[in-house]
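Here's the structure, in structure tokens; my notes come after.
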Amino acid sequence: MILDDGSATGLERTPGSAGTLTARSSDFPQWYQEVIAGAELADNGPVRGTMVIRPWGYAIWEHLQAELDARIKDAGVENAYFPLLIPQSFLELEARHVEGFSPELAVVTHGGGRRLEEPAVVRPTSETVINHYFAKWVHSHRDLPMMVNQWANVVRWELRPRLFLRTTEFLWQEGHTVHATSEEAREFALRILTGVYLETMEGVAGIPVLAGHKTARERFAGAEQTWTCEGMMGDGKALQMGTSHELGQNFARAFGIQFSDASGQLQYPWQTSWGVSTRLVGALVMAHGDDYGLRLPPALAPSEVVVLVVRDDEAVRRAAGSLVEGLRASGRRVRVDDRTSSGFGRRSVEWERKGVPVRIEVGPRDLAEQSVTVVVRHRRTKHRVGVDEVLGFVSRVLDQVTTDLRAEAEEALRSRTVDVPDLDAAIEAAASGLALVPWAAIGLGGEERLASQGLSVRCLRREDGGLAGPSDEDTSLVAVVGRAY
RNA sequence: CGGGCUGUGGCGCAGCUUGGUUAGCGCGCUUGACUGGGGGUCAAGAGGUCCCGGGUUCAAAUCCCGGCAGCCCGACCA
């Protein structure tokens, strides 16, 4: 590939050199493997389906965490921590919950060199332990709402792992709340869905999502209603990026959570739970990655700017140093690459693959002209910028990146989403994207047929794209149908 | 659990059909020089239980038998 200034990139020289990644994802687009491997985000773990997140990938996750955590706290939820190991009997208390999760449980049968009296499961999610404690902690309507969140790892023994998107162990955030009324619970589940998840995904990550609720078939095990954010990846497949569940009183009844209301009557409370995971890192890669690697929104980039010292030279080093100082003073995360013992090409390709939004090249040629070379990653353009204008230029670019990425992703979503009148048309259209079809034209039998074609209803929404009202059985609902990861 | 396939330096592979010198190649790695504005060039070098066990043979990476491991497709799913 030739850049607009005539220079060439060497990326194509080693097509498919996944190298560090023995990807269990060969059905991903070719570029995905290259991006993951080249960006050094992750490796497979020693146990099948587990994942080692390398520093660059983890740093992206940390930024996502920070964005989510701030919004979760804004919603009034506090962080807490609950045990990794859960007595097996806890899982069995809620019938649909255990039915949904037992096939994918990892069970610990021995400890301290002896067989355990009761096996412990490694949490696949923490509804059961947390509700065990809610039962102890909730007594009065004055205790409500009770809202906790935990950042933790969970284990689900999935049959078919995919790096970042479905690994046996993954990191996530799971929130759990208890409310006095069903209305309040619903309102809160939706607040998390839109005010935390949707806002982070679209506003921070630049990934447009279709929000809606799941059909009964796709609902979380034990929930009355599951709200979801569905994104579309570069290949037209859908990805469930986050869910928020209304649990009704199911867990409250199963775990004996009760409170005395204002009139002294014992009541079962209404609950929610909600989570997003390291899958979001995979979503970022899939949604924004191009043939040259990752493209990161600045808010999530471990470094927003990298200053590349082209050649080992005293004056160049000094110029780079003062550039870094200036950028840091303006609040940017900046990294210097002065590893002049490796070639320039190698280093620039590395940062391109890692997705650093802006690269500033400083070399003798630039200094001679009192300028630097600014490379904008997401557009792959190079600009000669006067030394005095760099800060302003970089700042304008960084402010624009997320908007540009989102606009591109929105266009991709729009161009691969079609309105269709019936099930047959939906099946045809969903082969290459998403189909919007009247829910009334599908129904339970229709979902069965979709499943046989490798398709599913990703979510249900109102005709205008809004979320459904309190009554689920709205006949005017529109189903989003597609293939999914 | 069904259906495909693969095990050969760190990674990716060739060699196997038709047994035969010292098991090759690319990438990576080490050292040096020249370079350095998109994975640069040249030279020298290190690195192997050819998955394991048994068998056939003068001779096995190669043929036969038996294990083991892993990958892909499907079912399950944040």
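Identifiers in the structure tokens: chain A, B, ... in order shown; residue index from 1 per chain; ligand index from 1 in order shown.
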request  = Write out as a VMD selection string which residues come within 9 Å of region 71-74 of chain A when counting only C-alpha atoms (C1' of nucleotides), dropping same-chain ones fewer than 5 positions away.
outcome  = chain A and resid 66 79 149 175 192 195 to 197 200
Could you write those residues out with N, CA and C atoms, as a PDB file, in the first residue's frame?
```
ATOM      1  N   ALA A  66     -12.355   2.449  33.422  1.00  0.00           N
ATOM      2  CA  ALA A  66     -12.455   3.759  34.062  1.00  0.00           C
ATOM      3  C   ALA A  66     -13.703   4.496  33.579  1.00  0.00           C
ATOM      4  N   ASN A  79     -18.883  -0.029  44.533  1.00  0.00           N
ATOM      5  CA  ASN A  79     -18.147  -1.256  44.241  1.00  0.00           C
ATOM      6  C   ASN A  79     -17.969  -2.100  45.494  1.00  0.00           C
ATOM      7  N   ASN A 149     -21.743  -3.173  42.712  1.00  0.00           N
ATOM      8  CA  ASN A 149     -21.114  -3.593  41.458  1.00  0.00           C
ATOM      9  C   ASN A 149     -19.810  -4.268  41.824  1.00  0.00           C
ATOM     10  N   GLY A 175     -23.189  -5.696  37.935  1.00  0.00           N
ATOM     11  CA  GLY A 175     -23.908  -4.894  38.912  1.00  0.00           C
ATOM     12  C   GLY A 175     -25.156  -5.632  39.360  1.00  0.00           C
ATOM     13  N   ILE A 192     -29.040   2.017  33.384  1.00  0.00           N
ATOM     14  CA  ILE A 192     -27.730   1.403  33.155  1.00  0.00           C
ATOM     15  C   ILE A 192     -27.546   1.156  31.660  1.00  0.00           C
ATOM     16  N   GLY A 195     -27.647   5.016  30.036  1.00  0.00           N
ATOM     17  CA  GLY A 195     -26.772   6.020  30.630  1.00  0.00           C
ATOM     18  C   GLY A 195     -25.355   5.535  30.856  1.00  0.00           C
ATOM     19  N   VAL A 196     -25.176   4.245  30.986  1.00  0.00           N
ATOM     20  CA  VAL A 196     -23.832   3.714  31.194  1.00  0.00           C
ATOM     21  C   VAL A 196     -23.339   2.994  29.934  1.00  0.00           C
ATOM     22  N   TYR A 197     -24.056   1.971  29.503  1.00  0.00           N
ATOM     23  CA  TYR A 197     -23.562   1.130  28.416  1.00  0.00           C
ATOM     24  C   TYR A 197     -23.615   1.837  27.061  1.00  0.00           C
ATOM     25  N   THR A 200     -21.221   4.754  26.852  1.00  0.00           N
ATOM     26  CA  THR A 200     -19.810   4.385  26.756  1.00  0.00           C
ATOM     27  C   THR A 200     -19.501   3.803  25.378  1.00  0.00           C
TER      28      THR A 200
END
```
List the spatial neighbours of A61 (chain B) as a PDB file with C-alpha atoms (C1' of nucleotides), in the first residue's frame - criterion: any atom at most 10 Å away, only C-alpha atoms (C1' of nucleotides), same-chain residues fewer than 6 positions off excluded.
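Writing the result to out.pdb gives the following:
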```pdb
ATOM      1  C1'   U B   8       9.011 -31.724  11.776  1.00  0.00           C
ATOM      2  C1'   G B  15       9.881 -33.178   2.651  1.00  0.00           C
ATOM      3  C1'   C B  16       6.145 -38.600   3.335  1.00  0.00           C
ATOM      4  C1'   A B  23      16.310 -33.251   7.461  1.00  0.00           C
ATOM      5  C1'   C B  50      10.795 -35.179  12.890  1.00  0.00           C
TER       6        C B  50
END
```
inquiry  = What are the residues of chain B lining chain A at 10 Å or less? Count only C-alpha atoms (C1' of nucleotides), and put the answer as a list in words.
reply    = C11, G12, C27, G28, U35, G36, G37, G38, G39, G40, G70, C71, C72, C73, G74, A75, C76, C77 and A78 of chain B
inquiry  = So the first atom is CA of Thr226 (chain A) and the second is CA of Leu450 (chain A); what is the distance between them in Å, to one decimal place?
reply    =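 Separation between CA of Thr226 (chain A) and CA of Leu450 (chain A): 19.8 Å.
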Polymer residues at most 7 Å from Leu467 (chain A), only C-alpha atoms (C1' of nucleotides), same-chain spacing of 3 or more positions, as a ChimeraX atom specification = /A:212,461-462
May I have the residues within 6 Å of Gln150 (chain A) as a short mmCIF file (atom, residue, chain, number, x, y, z; two decimals) with N, CA and C atoms, in the first residue's frame, using only C-alpha atoms (C1' of nucleotides) and disregarding those fewer than 6 positions away in the same chain?
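Dumped everything to part-v9.cif:
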```cif
data_model
loop_
_atom_site.label_atom_id
_atom_site.label_comp_id
_atom_site.auth_asym_id
_atom_site.auth_seq_id
_atom_site.Cartn_x
_atom_site.Cartn_y
_atom_site.Cartn_z
N ASN A 79 -18.88 -0.03 44.53
CA ASN A 79 -18.15 -1.26 44.24
C ASN A 79 -17.97 -2.10 45.49
N ALA A 80 -17.99 -3.41 45.28
CA ALA A 80 -17.80 -4.36 46.37
C ALA A 80 -17.18 -5.61 45.77
N TYR A 81 -16.90 -6.60 46.61
CA TYR A 81 -16.33 -7.83 46.07
C TYR A 81 -16.92 -9.05 46.77
N GLN A 173 -17.59 -6.57 34.59
CA GLN A 173 -18.20 -5.84 35.67
C GLN A 173 -19.60 -6.39 35.77
N GLU A 174 -20.05 -6.68 37.00
CA GLU A 174 -21.43 -7.11 37.15
C GLU A 174 -22.07 -6.32 38.27
#
```
inquiry  = DSSP on the backbone, strand (DSSP E or B) only: what residues of region 88-299 of chain A does that give? Format it as an NGL selection string.
reply    = :A and (106-111 or 114-122 or 140 or 146-155 or 162 or 166 or 169-179 or 209-213 or 225-232 or 238-248 or 259-260 or 266-267 or 270-277 or 290 or 293)
Separation of CA of His288 (chain A) from CA of Glu352 (chain A) in Å =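 CA of His288 (chain A) lies 13.0 Å from CA of Glu352 (chain A).
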query = How many Å lie between CA of Met286 (chain A) and CA of Gly206 (chain A), rounded to one decimal?
reply =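 Calculated distance between CA of Met286 (chain A) and CA of Gly206 (chain A) is 12.1 Å.
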inquiry  = For the alpha helix (DSSP H) assignment from backbone DSSP, which residues of region 87-155 of chain A qualify? Please present them as a PyMOL selection string.
reply    = chain A and resi 88-91+95-101+127-137
Writing out the chosen residues with C-alpha atoms as a compact mmCIF listing (two decimals), in the first residue's frame:
```txt
# COMPACT_ATOMS: atom_id res chain seq x y z
CA GLN A 88 -23.03 -25.65 44.31
CA SER A 89 -26.30 -25.63 46.22
CA PHE A 90 -26.56 -21.84 45.80
CA LEU A 91 -26.80 -22.25 42.06
CA ALA A 95 -34.51 -23.26 38.84
CA ARG A 96 -34.09 -21.53 35.48
CA HIS A 97 -30.79 -20.03 36.52
CA VAL A 98 -29.20 -23.40 37.27
CA GLU A 99 -30.70 -24.89 34.15
CA GLY A 100 -29.14 -22.15 32.08
CA PHE A 101 -25.71 -22.31 33.60
CA GLU A 127 -26.34 -13.52 41.30
CA THR A 128 -26.40 -16.40 43.73
CA VAL A 129 -23.68 -15.36 46.18
CA ILE A 130 -24.64 -11.76 46.08
CA ASN A 131 -28.30 -12.52 46.70
CA HIS A 132 -27.26 -14.74 49.58
CA TYR A 133 -25.83 -11.58 51.13
CA PHE A 134 -28.68 -9.34 50.05
CA ALA A 135 -30.91 -11.63 52.09
CA LYS A 136 -28.80 -10.80 55.15
CA TRP A 137 -28.45 -7.11 54.37
```
query = Counting only C-alpha atoms (C1' of nucleotides), what is within 10 Å of G19 (chain B), bar same-chain residues fewer than 4 positions away, as number ranges by chain?
reply = B: 57, 59-60, 62-63
